[in-house]
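Okay, so here's the structure we're looking at.
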Amino acid sequence: MISTILIIGGGQAGAQAIDTLRKEGFSGRLVLIGDEPELPYQRPPLSKKYLSGEMAADRLPFRHRSFYDEHRIELKLGRQAVRLDAAARQVELADGEKLTYDRLLLCLGAESRRLSCPGAALPGVHYLRGVADVAPIRAGLKPQSRVVIIGGGYIGLETAATSRKMGCEVTVLEMADRIMNRVVAPSVSQYFAAEHASHGVNIICNTRVVCLEGQERMERVVCADGSHHEADLVVVGVGAVAATELARKAGLACDNGIVVDEYCRTSDAAIYAAGDCTNHPSPRFGRRVRLESVDNAFEQAKTAALNMLDRPVTHDRVPWFWSDQFDNKLLIVGLSQDYDRQVLRGDPASRSFSVCYLKGRELLAVEAVNHSKDYMAARKLIAERTPLNPDRLADGAQALKDAIESQS
Amino acid sequence: MARIIFIQPDGSRREIDAPLGITLMEAARQHGVQGVIAQCGGACACATCHVYVDPAWLPRLEPREDMEEAMLENAWQPHNNSRLSCQIQITTDLNGLQVTVPAQQAIT
């Protein structure tokens with residue numbers, strides 16, 4: 001008999017698990033523990049419209065407080081879980097409260113990777129992960145402020161675009177030879193680099209930050225080639241690491257994330273995990289992955305919730321991601337590793353194109369720039385492993401779904 | 001405020017007073033209207049906030065833009081009165097708007 005379910009983590013996964021558990025009829029005690037004081041909220045706007053101030057704080061939470069009351073959710077917000085005793089099925093909070101569970105769901109998320117170079121701890125160096133990180137950054141985004149972004153990934157580039165729109169002088173320092181190098185094709189990197197440049201963002205690749213200098217606070221960023229960049233504000237976006245400490249100390253298997261199976265179950269049968277914190281199998285792509293995305297958090301949470309109620313269902317989804325930079329929407333579906341052919345559809349100069357990744361006739365991933373049609377068609381084609389005709393695929397004038405290989 | 005009427009997938013009626021300036025999707029999500037999943041939170045990236053608008057109200061809405069159009073093509077059972085609720089801003093003109101939430105949303 002499952003009478004108490006605890007969820008640790010009030011992000012996308014935690015919020016979704018609550019929904020699914022109640023929708024599927026779990027009527028027992030349901031407790032959500034979150035170390036942030038806010039009601040569970042969406043993170044994507046933090047580098048976009050919430051950072052710019054266009055979106056008010058009351059639009060961030062998924063649900064109103066009344067929703068949690070109606071569904072009898074015990075919210076323990078602003079409370080940190082500090083210890084997990086898997087044998088006793090007990091969680092201890094920082095204030096000493098102890099809670100026992102029949103099933104536990106860990107939605108611990110990921111933490112910003114920190115800079116370790118000299119000066120990294122100076123005031124004026126910021127990371128962007130939670131809502132509390134935003135106000136100090138926003139306060140520094142004044143017209144003509146010199147903003148240096150370390151890292152040309154999603155968060156860095158979205159923050160760069162927002163800062164530029166707010167009138168700041170923005171420089172992005174990227175270690176690799178192109179922005180977003182780990183997530184998109186060179187042609188997509190090139191397109192976004194040109195977009196940023198046309199809006200006046202200064203992107204510098206192949207550059208390694210060696211230290212941050214300043215007296216009372218950070219004043220300049222120094223790179224390995226001796227160049228330096230004066231800065232009023234630095235935002236660091238150099239990736240994230242899975243938040244696994246609680247799980248690891250409890251003896252759960254962890255390896256670049258909490259190791260779970262396709263049922264979202266950890267190495268302890270009563271404990272499940274979902275979202276950015278997990279290392280999980282992807283049956284569709286035939287390997288283990290750790291994904292940082294809204295979609296994965298949502299879908300894994302749903303899967304975990306059903307399994308916690310002893311309704312066996314596996315997590316086998318095609319992941320998708322998006323990023324908004326200036327007036328461009330980048331939509332990505334699938335995982336592009338192991339491809340043998342990259343096909344460009346459409347002309348980047350038209351501001352709407354996509355890059356398809358094929359393995360033989362099978363579509364593995366699509367990166368769509370301002371091309372929702374290709375993206376939506378690809379979601380289906382990738383999931384169903386529909387054989388495609390690569391030559392027809394390359395004709396951007398034809399719909400992606402019409403590239404299906406005929407049966408003859 | 002504008003009063004919005006949602007017909008949920010189980011046929012039940014849910015009336016919500018939505019503040020002006022937010023989207024129809026946000027109003028639905030804040031109150032937990034059944035069937036409005038809104039995975040991407042309004043980025044027009046998932047087509048899981050699809051609703052059918054009472055035809056009488058269609059002329060009062062801003063028309064669909066290209067991106068919404070493309071997303072709706074692959075939504076679950078789109079009709080002429082299909083909209084993504086994240087693309088509809090709540091205004092005083094929409095007081096009394098009625099929409100029906102489909103039985104499923106597009107998740108591949």
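Following the order of the structure tokens, chains are lettered A, B, ..., residues in each are numbered from 1, and ligands are numbered from 1.
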
With 7 Å as the limit and counting only C-alpha atoms, what residues in chain B lie close to chain A? Please list them as a list of chain:residue names.
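Listed by rising number, the hits are B:Arg29, B:Gln30, B:His31, B:Gly32, B:Gln39, B:Met67, B:Ala70, B:Met71, B:Asn74, B:Thr108.
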
Write down as a VMD selection string the residues of range 33-189 of chain A whose backbone DSSP state falls under strand (DSSP E).
chain A and resid 33 to 34 73 to 77 81 to 85 90 to 93 98 to 100 103 to 106 110 to 112 125 to 127 146 to 150 169 to 173

So the first atom is CA of Pro118 in chain A and the second is CA of Met175 in chain A; what is the distance between them in Å, to one decimal place?
17.2 Å

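For the pair CA of Arg217 in chain A and CA of Gly124 in chain A, the interatomic distance is 6.1 Å.
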
I need the helix (DSSP H, G or I) residues of range 109-204 of chain A per DSSP on the backbone, written as JSON, numbers by chain.
{"A": [131, 132, 133, 134, 135, 136, 137, 138, 139, 140, 154, 155, 156, 157, 158, 159, 160, 161, 162, 163, 164, 165, 186, 187, 188, 189, 190, 191, 192, 193, 194, 195, 196, 197, 198]}

Atom pair CA of Val101 in chain B / CA of Cys46 in chain B: separation (Å)
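These atoms are spaced 15.6 Å apart.
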
Met25 in chain B surroundings by only C-alpha atoms, 7 Å radius, close-in-sequence under 5 positions cut, as a PDB file with N, CA and C atoms, in the first residue's frame:
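Generated file (part-v4.pdb):
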```pdb
ATOM      1  N   ALA B  38       0.621  22.503 -22.231  1.00  0.00           N
ATOM      2  CA  ALA B  38       1.505  23.677 -22.341  1.00  0.00           C
ATOM      3  C   ALA B  38       2.925  23.381 -21.896  1.00  0.00           C
ATOM      4  N   CYS B  49      -1.029  23.050 -26.134  1.00  0.00           N
ATOM      5  CA  CYS B  49      -2.019  23.934 -25.479  1.00  0.00           C
ATOM      6  C   CYS B  49      -3.153  24.210 -26.458  1.00  0.00           C
ATOM      7  N   SER B  85      -3.476  28.059 -27.424  1.00  0.00           N
ATOM      8  CA  SER B  85      -3.943  29.038 -26.439  1.00  0.00           C
ATOM      9  C   SER B  85      -2.817  29.948 -25.952  1.00  0.00           C
ATOM     10  N   CYS B  86      -1.558  29.547 -26.182  1.00  0.00           N
ATOM     11  CA  CYS B  86      -0.441  30.409 -25.775  1.00  0.00           C
ATOM     12  C   CYS B  86      -0.307  31.619 -26.678  1.00  0.00           C
TER      13      CYS B  86
END
```

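Residue nearest Pro40 in chain A, chosen from A:Ala403, A:Val82, A:Ile137, A:Val131 and counting only C-alpha atoms: A:Val131.
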
Which polymer residues have any atom within 9 Å of an atom of range 229-238 of chain A, counting only C-alpha atoms, with same-chain residues fewer than 4 positions away left out, as number ranges by chain?
A: 112-115, 124-128, 137, 140-141, 145-157, 159, 171, 218-223

For Leu291 in chain A, work out the shell of residues within 12 Å, counting only C-alpha atoms and skipping chain neighbours fewer than 3 positions away, then give it as a PyMOL selection string.
chain A and resi 109-110+183+239-242+256-258+274-282+288+294-300+317-321+334-335

Skip Asp177 in chain A itself and residues of its chain fewer than 2 positions away, then list as a VMD selection string all residues within 8 Å of it, counting only C-alpha atoms.
chain A and resid 174 to 175 179 181 205 to 206

Leaving out Gln87 in chain B and any residue of its chain fewer than 4 positions from it, which residues lie within 8 Å of it when counting only C-alpha atoms, given as a compact mmCIF listing (two decimals) with N, CA and C atoms, in the first residue's frame?
```txt
# COMPACT_ATOMS: atom_id res chain seq x y z
N THR B 23 -1.74 35.16 -21.27
CA THR B 23 -2.33 34.42 -22.39
C THR B 23 -3.39 33.46 -21.88
N LEU B 24 -4.19 33.01 -22.82
CA LEU B 24 -5.23 32.03 -22.50
C LEU B 24 -4.60 30.77 -21.90
N MET B 25 -3.47 30.36 -22.45
CA MET B 25 -2.76 29.19 -21.94
C MET B 25 -2.37 29.39 -20.48
N GLY B 42 4.66 28.44 -23.66
CA GLY B 42 4.32 29.61 -24.48
C GLY B 42 5.34 29.96 -25.53
N CYS B 44 5.70 28.46 -28.32
CA CYS B 44 5.19 27.98 -29.61
C CYS B 44 6.09 26.85 -30.14
N GLU B 68 2.35 29.57 -35.60
CA GLU B 68 1.23 28.86 -34.98
C GLU B 68 0.57 27.94 -36.00
N ARG B 83 -6.79 26.70 -32.19
CA ARG B 83 -5.79 27.71 -31.85
C ARG B 83 -4.85 27.14 -30.79
```

Given only C-alpha atoms as the counted atoms, nearest of B:Pro19, B:Pro55, B:Pro63, B:Pro102 to Asn81 in chain B:
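Under the stated criterion, the closest residue is B:Pro55.
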
Point out the residue among A:Lys302, A:Arg178, A:His71, A:His228 with the least atom-to-atom distance to Asp316 in chain A, counting only C-alpha atoms.
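For Asp316 in chain A, the nearest of the given residues is A:Lys302.
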